[in-house]
$ cat work_27.cif   # mmCIF, C-alpha atoms
data_start
#
loop_
_atom_site.group_PDB
_atom_site.id
_atom_site.type_symbol
_atom_site.label_atom_id
_atom_site.label_comp_id
_atom_site.auth_asym_id
_atom_site.auth_seq_id
_atom_site.Cartn_x
_atom_site.Cartn_y
_atom_site.Cartn_z
ATOM 1 C CA MET A 209 26.610 24.296 27.346
ATOM 2 C CA LYS A 210 24.386 21.296 27.838
ATOM 3 C CA THR A 211 22.868 20.005 24.631
ATOM 4 C CA ILE A 212 19.583 18.236 23.994
ATOM 5 C CA PRO A 213 20.025 14.463 24.507
ATOM 6 C CA LEU A 214 19.645 12.026 21.665
ATOM 7 C CA GLU A 215 16.482 10.464 23.097
ATOM 8 C CA ALA A 216 14.520 13.691 22.604
ATOM 9 C CA TYR A 217 15.393 13.814 18.908
ATOM 10 C CA LEU A 218 14.625 10.095 18.704
ATOM 11 C CA ILE A 219 11.135 10.562 20.155
ATOM 12 C CA VAL A 220 10.294 13.473 17.838
ATOM 13 C CA SER A 221 11.626 11.612 14.826
ATOM 14 C CA ILE A 222 9.764 8.401 15.617
ATOM 15 C CA VAL A 223 6.492 10.269 16.115
ATOM 16 C CA LEU A 224 6.887 12.179 12.833
ATOM 17 C CA PHE A 225 7.896 9.055 10.902
ATOM 18 C CA GLY A 226 5.003 7.087 12.334
ATOM 19 C CA LEU A 227 2.533 9.764 11.338
ATOM 20 C CA GLY A 228 4.072 9.877 7.857
ATOM 21 C CA VAL A 229 3.814 6.135 7.274
ATOM 22 C CA PHE A 230 0.328 6.068 8.757
ATOM 23 C CA GLY A 231 -0.694 8.898 6.433
ATOM 24 C CA MET A 232 0.710 7.013 3.441
ATOM 25 C CA ILE A 233 -1.458 4.022 4.349
ATOM 26 C CA VAL A 234 -4.603 5.890 5.332
ATOM 27 C CA ARG A 235 -4.829 8.682 2.777
ATOM 28 C CA ARG A 236 -6.973 8.184 -0.310
ATOM 29 C CA ASN A 237 -5.790 11.257 -2.199
ATOM 30 C CA LEU A 238 -2.635 10.996 -4.336
ATOM 31 C CA VAL A 239 -1.093 14.377 -3.507
ATOM 32 C CA THR A 240 -1.621 13.951 0.238
ATOM 33 C CA VAL A 241 0.081 10.553 0.027
ATOM 34 C CA LEU A 242 3.141 12.324 -1.414
ATOM 35 C CA MET A 243 2.976 14.926 1.364
ATOM 36 C CA SER A 244 2.977 12.185 4.005
ATOM 37 C CA MET A 245 6.070 10.810 2.292
ATOM 38 C CA GLU A 246 7.769 14.194 2.694
ATOM 39 C CA LEU A 247 6.863 14.034 6.381
ATOM 40 C CA ALA A 248 8.596 10.671 6.760
ATOM 41 C CA LEU A 249 11.710 11.945 4.944
ATOM 42 C CA ASN A 250 11.854 14.934 7.288
ATOM 43 C CA ALA A 251 11.636 12.633 10.297
ATOM 44 C CA VAL A 252 14.696 10.759 9.035
ATOM 45 C CA ASN A 253 16.506 14.083 8.633
ATOM 46 C CA VAL A 254 15.710 15.040 12.225
ATOM 47 C CA LEU A 255 17.187 11.776 13.438
ATOM 48 C CA PHE A 256 20.339 12.179 11.322
ATOM 49 C CA VAL A 257 21.005 15.694 12.569
ATOM 50 C CA GLY A 258 20.144 14.839 16.177
ATOM 51 C CA ALA A 259 22.522 11.880 16.148
ATOM 52 C CA ASP A 260 25.146 14.175 14.674
ATOM 53 C CA SER A 261 24.902 16.655 17.520
ATOM 54 C CA HIS A 262 25.050 13.740 19.973
ATOM 55 C CA LEU A 263 28.129 12.149 18.384
ATOM 56 C CA SER A 264 29.830 15.379 17.215
ATOM 57 C CA LEU A 265 30.082 14.131 13.643
ATOM 58 C CA VAL A 266 29.061 15.827 10.401
ATOM 59 C CA ASP A 267 28.353 12.770 8.212
ATOM 60 C CA GLY A 268 24.702 12.737 9.222
ATOM 61 C CA GLN A 269 24.265 16.345 8.106
ATOM 62 C CA ILE A 270 25.756 15.465 4.718
ATOM 63 C CA PHE A 271 23.313 12.584 4.396
ATOM 64 C CA ALA A 272 20.502 14.957 5.371
ATOM 65 C CA LEU A 273 21.581 17.205 2.477
ATOM 66 C CA PHE A 274 21.489 14.212 0.126
ATOM 67 C CA ILE A 275 18.030 13.283 1.397
ATOM 68 C CA ILE A 276 16.790 16.832 0.771
ATOM 69 C CA ALA A 277 18.123 16.726 -2.813
ATOM 70 C CA LEU A 278 16.565 13.329 -3.485
ATOM 71 C CA ALA A 279 13.266 14.454 -1.948
ATOM 72 C CA ALA A 280 13.181 17.396 -4.357
ATOM 73 C CA ALA A 281 13.741 15.029 -7.300
ATOM 74 C CA GLU A 282 11.110 12.655 -5.918
ATOM 75 C CA ALA A 283 8.581 15.468 -5.561
ATOM 76 C CA ALA A 284 9.192 16.591 -9.167
ATOM 77 C CA VAL A 285 8.789 13.122 -10.658
ATOM 78 C CA GLY A 286 5.920 12.111 -8.372
ATOM 79 C CA LEU A 287 3.888 15.237 -9.020
ATOM 80 C CA GLY A 288 4.578 14.897 -12.756
ATOM 81 C CA ILE A 289 3.154 11.373 -12.621
ATOM 82 C CA ILE A 290 0.128 12.603 -10.668
ATOM 83 C CA ILE A 291 -0.570 15.384 -13.174
ATOM 84 C CA ALA A 292 -0.232 12.892 -16.045
ATOM 85 C CA ILE A 293 -2.662 10.507 -14.323
ATOM 86 C CA PHE A 294 -5.166 13.285 -13.738
ATOM 87 C CA ARG A 295 -4.957 14.554 -17.305
ATOM 88 C CA LEU A 296 -5.146 11.158 -18.973
ATOM 89 C CA ARG A 297 -7.553 9.326 -16.669
ATOM 90 C CA LYS A 298 -9.683 11.784 -14.675
ATOM 91 C CA VAL A 299 -9.442 9.701 -11.501
ATOM 92 C CA ASP A 300 -9.452 11.229 -8.036
ATOM 93 C CA SER A 301 -8.435 8.559 -5.541
ATOM 94 C CA THR A 302 -5.861 5.823 -5.314
ATOM 95 C CA ASP A 303 -8.339 2.927 -5.424
ATOM 96 C CA GLU A 304 -9.493 3.815 -8.937
ATOM 97 C CA ILE A 305 -6.058 3.074 -10.415
ATOM 98 C CA THR A 306 -6.315 -0.688 -10.718
ATOM 99 C CA ASP A 307 -4.882 -1.452 -14.155
ATOM 100 C CA MET A 308 -2.008 -3.513 -12.756
ATOM 101 C CA ARG A 309 -4.360 -5.837 -10.874
ATOM 102 C CA GLY A 310 -4.010 -9.349 -12.295
ATOM 103 C CA MET B 198 17.162 25.769 29.850
ATOM 104 C CA ILE B 199 16.264 28.140 27.028
ATOM 105 C CA GLN B 200 17.473 25.431 24.655
ATOM 106 C CA TRP B 201 14.946 22.951 26.066
ATOM 107 C CA LEU B 202 12.211 25.569 25.864
ATOM 108 C CA VAL B 203 12.857 26.218 22.164
ATOM 109 C CA PHE B 204 13.204 22.500 21.493
ATOM 110 C CA PHE B 205 9.830 21.726 23.072
ATOM 111 C CA LEU B 206 8.236 24.639 21.216
ATOM 112 C CA PHE B 207 9.478 23.495 17.800
ATOM 113 C CA SER B 208 8.876 19.784 18.380
ATOM 114 C CA GLY B 209 5.389 20.468 19.692
ATOM 115 C CA ILE B 210 4.524 22.541 16.637
ATOM 116 C CA ALA B 211 6.024 19.849 14.401
ATOM 117 C CA VAL B 212 4.025 17.006 15.961
ATOM 118 C CA LEU B 213 0.756 18.966 16.010
ATOM 119 C CA SER B 214 1.165 19.986 12.374
ATOM 120 C CA ALA B 215 2.066 16.409 11.442
ATOM 121 C CA LEU B 216 -1.230 15.320 12.977
ATOM 122 C CA GLY B 217 -2.816 17.941 10.747
ATOM 123 C CA VAL B 218 -1.016 16.574 7.683
ATOM 124 C CA VAL B 219 -2.386 13.112 8.338
ATOM 125 C CA PHE B 220 -5.922 13.953 9.452
ATOM 126 C CA LEU B 221 -7.062 17.181 7.765
ATOM 127 C CA PRO B 222 -9.474 16.534 4.876
ATOM 128 C CA ASN B 223 -8.829 19.538 2.610
ATOM 129 C CA PRO B 224 -5.586 19.380 0.534
ATOM 130 C CA ILE B 225 -4.951 23.123 0.902
ATOM 131 C CA TYR B 226 -4.983 22.854 4.711
ATOM 132 C CA VAL B 227 -2.736 19.809 4.404
ATOM 133 C CA ILE B 228 -0.133 21.753 2.443
ATOM 134 C CA LEU B 229 -0.218 24.563 5.039
ATOM 135 C CA ALA B 230 0.283 22.030 7.839
ATOM 136 C CA LEU B 231 3.179 20.503 5.895
ATOM 137 C CA LEU B 232 4.757 23.949 5.582
ATOM 138 C CA SER B 233 4.474 24.379 9.355
ATOM 139 C CA VAL B 234 6.149 20.995 9.880
ATOM 140 C CA LEU B 235 9.016 21.922 7.555
ATOM 141 C CA VAL B 236 9.685 25.264 9.240
ATOM 142 C CA SER B 237 9.658 23.779 12.730
ATOM 143 C CA VAL B 238 11.945 20.927 11.608
ATOM 144 C CA ALA B 239 14.331 23.613 10.355
ATOM 145 C CA GLY B 240 14.150 25.099 13.858
ATOM 146 C CA LEU B 241 15.111 21.711 15.305
ATOM 147 C CA PHE B 242 18.103 21.643 12.950
ATOM 148 C CA PHE B 243 19.233 25.040 14.192
ATOM 149 C CA ILE B 244 18.972 23.858 17.813
ATOM 150 C CA ALA B 245 21.071 20.797 16.946
ATOM 151 C CA GLY B 246 23.796 23.089 15.589
ATOM 152 C CA ALA B 247 23.342 22.197 11.930
ATOM 153 C CA GLU B 248 23.051 25.691 10.472
ATOM 154 C CA LEU B 249 23.734 24.680 6.869
ATOM 155 C CA VAL B 250 21.133 21.914 6.817
ATOM 156 C CA GLY B 251 18.589 24.179 8.509
ATOM 157 C CA ALA B 252 19.106 26.945 5.980
ATOM 158 C CA ILE B 253 18.863 24.525 3.071
ATOM 159 C CA GLN B 254 15.741 23.014 4.608
ATOM 160 C CA LEU B 255 14.166 26.478 4.691
ATOM 161 C CA LEU B 256 15.323 27.417 1.195
ATOM 162 C CA ILE B 257 14.605 24.206 -0.715
ATOM 163 C CA TYR B 258 11.856 22.463 1.251
ATOM 164 C CA ALA B 259 9.849 25.278 2.763
ATOM 165 C CA VAL B 260 10.027 27.464 -0.336
ATOM 166 C CA ALA B 261 10.625 25.463 -3.502
ATOM 167 C CA VAL B 262 8.945 22.125 -2.795
ATOM 168 C CA THR B 263 5.933 23.665 -1.041
ATOM 169 C CA VAL B 264 5.324 26.157 -3.843
ATOM 170 C CA PHE B 265 5.564 23.255 -6.272
ATOM 171 C CA TYR B 266 2.886 21.358 -4.340
ATOM 172 C CA VAL B 267 0.651 24.444 -4.348
ATOM 173 C CA PHE B 268 1.054 24.717 -8.139
ATOM 174 C CA VAL B 269 0.040 21.093 -8.559
ATOM 175 C CA LEU B 270 -2.964 21.571 -6.278
ATOM 176 C CA THR B 271 -4.146 24.480 -8.383
ATOM 177 C CA ALA B 272 -3.612 22.519 -11.619
ATOM 178 C CA VAL B 273 -5.734 19.560 -10.524
ATOM 179 C CA PRO B 274 -9.541 19.570 -10.181
ATOM 180 C CA TRP B 275 -10.387 18.652 -6.578
ATOM 181 C CA GLU B 276 -14.144 19.144 -6.420
ATOM 182 C CA LYS B 277 -15.026 15.466 -6.734
ATOM 183 C CA ALA B 278 -12.164 14.336 -4.538
ATOM 184 C CA ILE B 279 -13.124 16.578 -1.620
ATOM 185 C CA LYS B 280 -16.664 15.250 -1.533
ATOM 186 C CA LYS B 281 -15.525 11.632 -1.057
ATOM 187 C CA ASP B 282 -14.220 10.168 2.194
ATOM 188 C CA PRO B 283 -10.503 11.068 2.199
ATOM 189 C CA PHE B 284 -9.348 8.133 4.362
ATOM 190 C CA TYR B 285 -9.104 4.359 4.234
ATOM 191 C CA ARG B 286 -10.463 3.789 7.713
ATOM 192 C CA VAL B 287 -10.538 -0.028 7.941
ATOM 193 C CA GLU B 288 -7.117 -0.506 6.374
ATOM 194 C CA GLY B 289 -5.654 2.075 8.734
ATOM 195 C CA LEU B 290 -7.033 0.319 11.799
ATOM 196 C CA ILE B 291 -5.697 -3.057 10.621
ATOM 197 C CA SER B 292 -2.213 -1.803 9.757
ATOM 198 C CA PHE B 293 -1.716 0.306 12.898
ATOM 199 C CA PRO B 294 -0.298 -2.450 15.197
ATOM 200 C CA LEU B 295 2.077 -3.617 12.444
ATOM 201 C CA VAL B 296 3.401 -0.085 12.009
ATOM 202 C CA LEU B 297 3.807 0.237 15.788
ATOM 203 C CA ALA B 298 5.858 -2.995 15.943
ATOM 204 C CA LEU B 299 8.063 -1.620 13.156
ATOM 205 C CA TYR B 300 8.779 1.521 15.202
ATOM 206 C CA VAL B 301 9.760 -0.454 18.307
ATOM 207 C CA GLU B 302 12.218 -2.426 16.197
ATOM 208 C CA MET B 303 13.635 0.787 14.708
ATOM 209 C CA VAL B 304 14.202 2.318 18.143
ATOM 210 C CA LEU B 305 16.015 -0.788 19.390
ATOM 211 C CA VAL B 306 18.276 -1.008 16.332
ATOM 212 C CA PHE B 307 19.095 2.682 16.523
ATOM 213 C CA LEU B 308 19.991 2.634 20.209
ATOM 214 C CA ILE B 309 22.246 -0.396 19.679
ATOM 215 C CA GLY B 310 23.924 1.362 16.763
ATOM 216 C CA VAL B 311 24.533 4.520 18.801
ATOM 217 C CA SER B 312 26.118 2.571 21.629
ATOM 218 C CA VAL B 313 28.848 1.150 19.361
ATOM 219 C CA SER B 314 29.487 4.084 17.017
ATOM 220 C CA PRO B 315 32.503 6.453 17.257
ATOM 221 C CA LYS B 316 32.094 9.560 19.339
ATOM 222 C CA GLY B 317 33.368 13.113 19.312
ATOM 223 C CA GLN B 318 35.610 12.865 16.272
ATOM 224 C CA PHE B 319 35.229 16.407 14.960
ATOM 225 C CA ARG B 320 34.348 18.342 18.096
ATOM 226 C CA GLU B 321 37.501 20.496 18.129
ATOM 227 C CA LEU B 322 37.225 21.120 14.394
ATOM 228 C CA ILE B 323 33.576 22.184 14.653
ATOM 229 C CA THR B 324 34.248 24.582 17.493
ATOM 230 C CA LYS B 325 37.289 25.944 15.665
ATOM 231 C CA PHE B 326 35.966 26.412 12.124
ATOM 232 C CA GLY B 327 32.189 26.417 12.468
ATOM 233 C CA ASN B 328 29.658 23.903 11.259
ATOM 234 C CA THR B 329 29.340 24.945 7.620
ATOM 235 C CA GLU B 330 33.067 24.828 6.874
ATOM 236 C CA VAL B 331 33.436 21.344 8.347
ATOM 237 C CA VAL B 332 30.408 20.069 6.434
ATOM 238 C CA GLY B 333 31.805 21.515 3.213
ATOM 239 C CA ALA B 334 35.248 20.037 3.788
ATOM 240 C CA ILE B 335 33.887 16.538 4.438
ATOM 241 C CA LEU B 336 31.335 16.802 1.616
ATOM 242 C CA PHE B 337 33.919 17.732 -1.012
ATOM 243 C CA SER B 338 36.535 15.205 0.092
ATOM 244 C CA LYS B 339 35.006 12.051 1.566
ATOM 245 C CA TYR B 340 31.604 12.186 -0.144
ATOM 246 C CA PHE B 341 32.636 13.795 -3.426
ATOM 247 C CA LEU B 342 31.540 10.868 -5.619
ATOM 248 C CA ALA B 343 28.160 10.729 -3.887
ATOM 249 C CA PHE B 344 27.791 14.481 -4.413
ATOM 250 C CA GLU B 345 28.393 14.111 -8.147
ATOM 251 C CA LEU B 346 25.966 11.178 -8.292
ATOM 252 C CA VAL B 347 23.293 13.300 -6.596
ATOM 253 C CA SER B 348 23.730 15.952 -9.276
ATOM 254 C CA LEU B 349 23.285 13.235 -11.913
ATOM 255 C CA VAL B 350 20.134 11.987 -10.151
ATOM 256 C CA LEU B 351 18.725 15.527 -10.122
ATOM 257 C CA LEU B 352 19.404 15.861 -13.866
ATOM 258 C CA ILE B 353 17.696 12.531 -14.575
ATOM 259 C CA GLY B 354 14.766 13.530 -12.375
ATOM 260 C CA MET B 355 14.373 16.812 -14.221
ATOM 261 C CA ILE B 356 14.396 15.106 -17.636
ATOM 262 C CA GLY B 357 11.956 12.475 -16.376
ATOM 263 C CA ALA B 358 9.565 15.069 -14.960
ATOM 264 C CA VAL B 359 9.569 16.993 -18.259
ATOM 265 C CA ILE B 360 8.949 13.831 -20.289
ATOM 266 C CA ILE B 361 6.216 12.542 -17.980
ATOM 267 C CA GLY B 362 4.503 15.900 -17.695
ATOM 268 C CA ARG B 363 4.332 16.835 -21.365
ATOM 269 C CA LYS B 364 1.060 16.894 -23.248
ATOM 270 C CA GLU B 365 0.045 13.727 -25.076
ATOM 271 C CA ALA B 366 -2.033 13.569 -28.229
ATOM 272 C CA GLN B 367 -4.765 11.252 -26.947
ATOM 273 C CA THR B 368 -6.310 10.461 -23.582
ATOM 274 C CA TYR B 369 -7.106 6.976 -22.354
ATOM 275 C CA GLU B 370 -10.470 6.024 -20.900
ATOM 276 C CA ASP B 371 -10.704 4.117 -17.647
ATOM 277 C CA HIS B 372 -11.813 0.581 -18.573
ATOM 278 C CA SER B 373 -11.770 -0.912 -15.102
ATOM 279 C CA SER B 374 -15.074 0.458 -13.841
#

$ encode --input "work_27.cif" --output "structure tokens"
Amino acid sequence: MKTIPLEAYLIVSIVLFGLGVFGMIVRRNLVTVLMSMELALNAVNVLFVGADSHLSLVDGQIFALFIIALAAAEAAVGLGIIIAIFRLRKVDSTDEITDMRG
Amino acid sequence: MIQWLVFFLFSGIAVLSALGVVFLPNPIYVILALLSVLVSVAGLFFIAGAELVGAIQLLIYAVAVTVFYVFVLTAVPWEKAIKKDPFYRVEGLISFPLVLALYVEMVLVFLIGVSVSPKGQFRELITKFGNTEVVGAILFSKYFLAFELVSLVLLIGMIGAVIIGRKEAQTYEDHSS
């Protein structure tokens, strides 16, 4: 059985990661910034698993599991911070949070 | 042949929905596009032969995390935010070539790394025992400490989310504007 070559997974992963990073830069809304971050994490997972099927290893799949666990923790903490910001400040875009500016 | 067909189907859906995640204005449509990306990435995992990771992607990402995002979207008032321009257009145009250069560097580093890495170490084991058993065996022997540390990180994240998200007695006004 002929498997999908590594370059195909690489192209898909690079495109998804690029869109994720670009969304993190471009988006003005806090929750959509977090969603773009999830997109970038998923792109890394695609590359790990694709490289695994190319190399016949399983270490990349284990790291993909770790990334999924850490992404769940990151989503919980990040969305908690966003809800706290909304409740305490009533802001609605990232350029209104400027308290740390010198 | 059928493998390529399914691969192109899932990767096409993933890339189109990722475009939707970046460029759709309404947060509800964005979360639906993100759900589509997650499901098609799980399909890519199944094509690559990683059944365990694909199943966990469907269970944890496409169900738990997405439902969590939907809860947050319903808890937050979006009326003002939808009316404003949802993008930083100038900053995006300026940063685009820098991001592109970063990707070219990533591709080069990755291809160099693949050319020197070990190859085909577990192929007989995977065909003999199946993917999930091999993943479990390696996870609970070689990466056992990392596994325990991940459980600790999840506990700390849970405590942190509860502490950050609890109700406070007073609210703070925005003094910057």

$ closest_atom_pairs --input "work_27.cif" --of "segment 261-303 of chain A" --to "segment 239-249 of chain B" --cutoff "9 Å" --atoms "only C-alpha atoms" --output "JSON lines"
{"residue": "A:Ser261", "atom": "CA", "partner": "B:Ala245", "partner_atom": "CA", "distance": 5.7}
{"residue": "A:His262", "atom": "CA", "partner": "B:Ala245", "partner_atom": "CA", "distance": 8.6}
{"residue": "A:Val266", "atom": "CA", "partner": "B:Ala247", "partner_atom": "CA", "distance": 8.7}
{"residue": "A:Gln269", "atom": "CA", "partner": "B:Ala247", "partner_atom": "CA", "distance": 7.1}
{"residue": "A:Leu273", "atom": "CA", "partner": "B:Leu249", "partner_atom": "CA", "distance": 8.9}

$ resolve_selection --input "work_27.cif" --expression "the PyMOL selection byres ((chain B and resi 272) around 12)" --output "ChimeraX atom specification"
/A:239,287-288,290-292,294-295 /B:265-271,273-275

$ resolve_selection --input "work_27.cif" --expression "the PyMOL selection byres ((chain A and resi 243) around 12)" --output "JSON, numbers by chain"
{"A": [227, 228, 229, 230, 231, 232, 235, 237, 238, 239, 240, 241, 242, 244, 245, 246, 247, 248, 249, 250, 279, 280, 282, 283, 286, 287], "B": [215, 217, 218, 219, 224, 225, 226, 227, 228, 229, 230, 231, 232, 234, 235, 258, 262, 263, 265, 266, 267, 270]}

$ closest_residue --input "work_27.cif" --among "A:Leu296, A:Ile305, A:Val285, A:Ala216" --to "Met355 of chain B" --atoms "all atoms listed in the file"
A:Val285

$ atom_distance --input "work_27.cif" --atom1 "atom CA of Tyr217 of chain A" --atom2 "atom CA of Val347 of chain B"
26.7 Å

$ closest_residue --input "work_27.cif" --among "A:Ile270, A:Ala284, A:Ala277, A:Ile293" --to "Tyr340 of chain B" --atoms "all atoms listed in the file"
A:Ile270
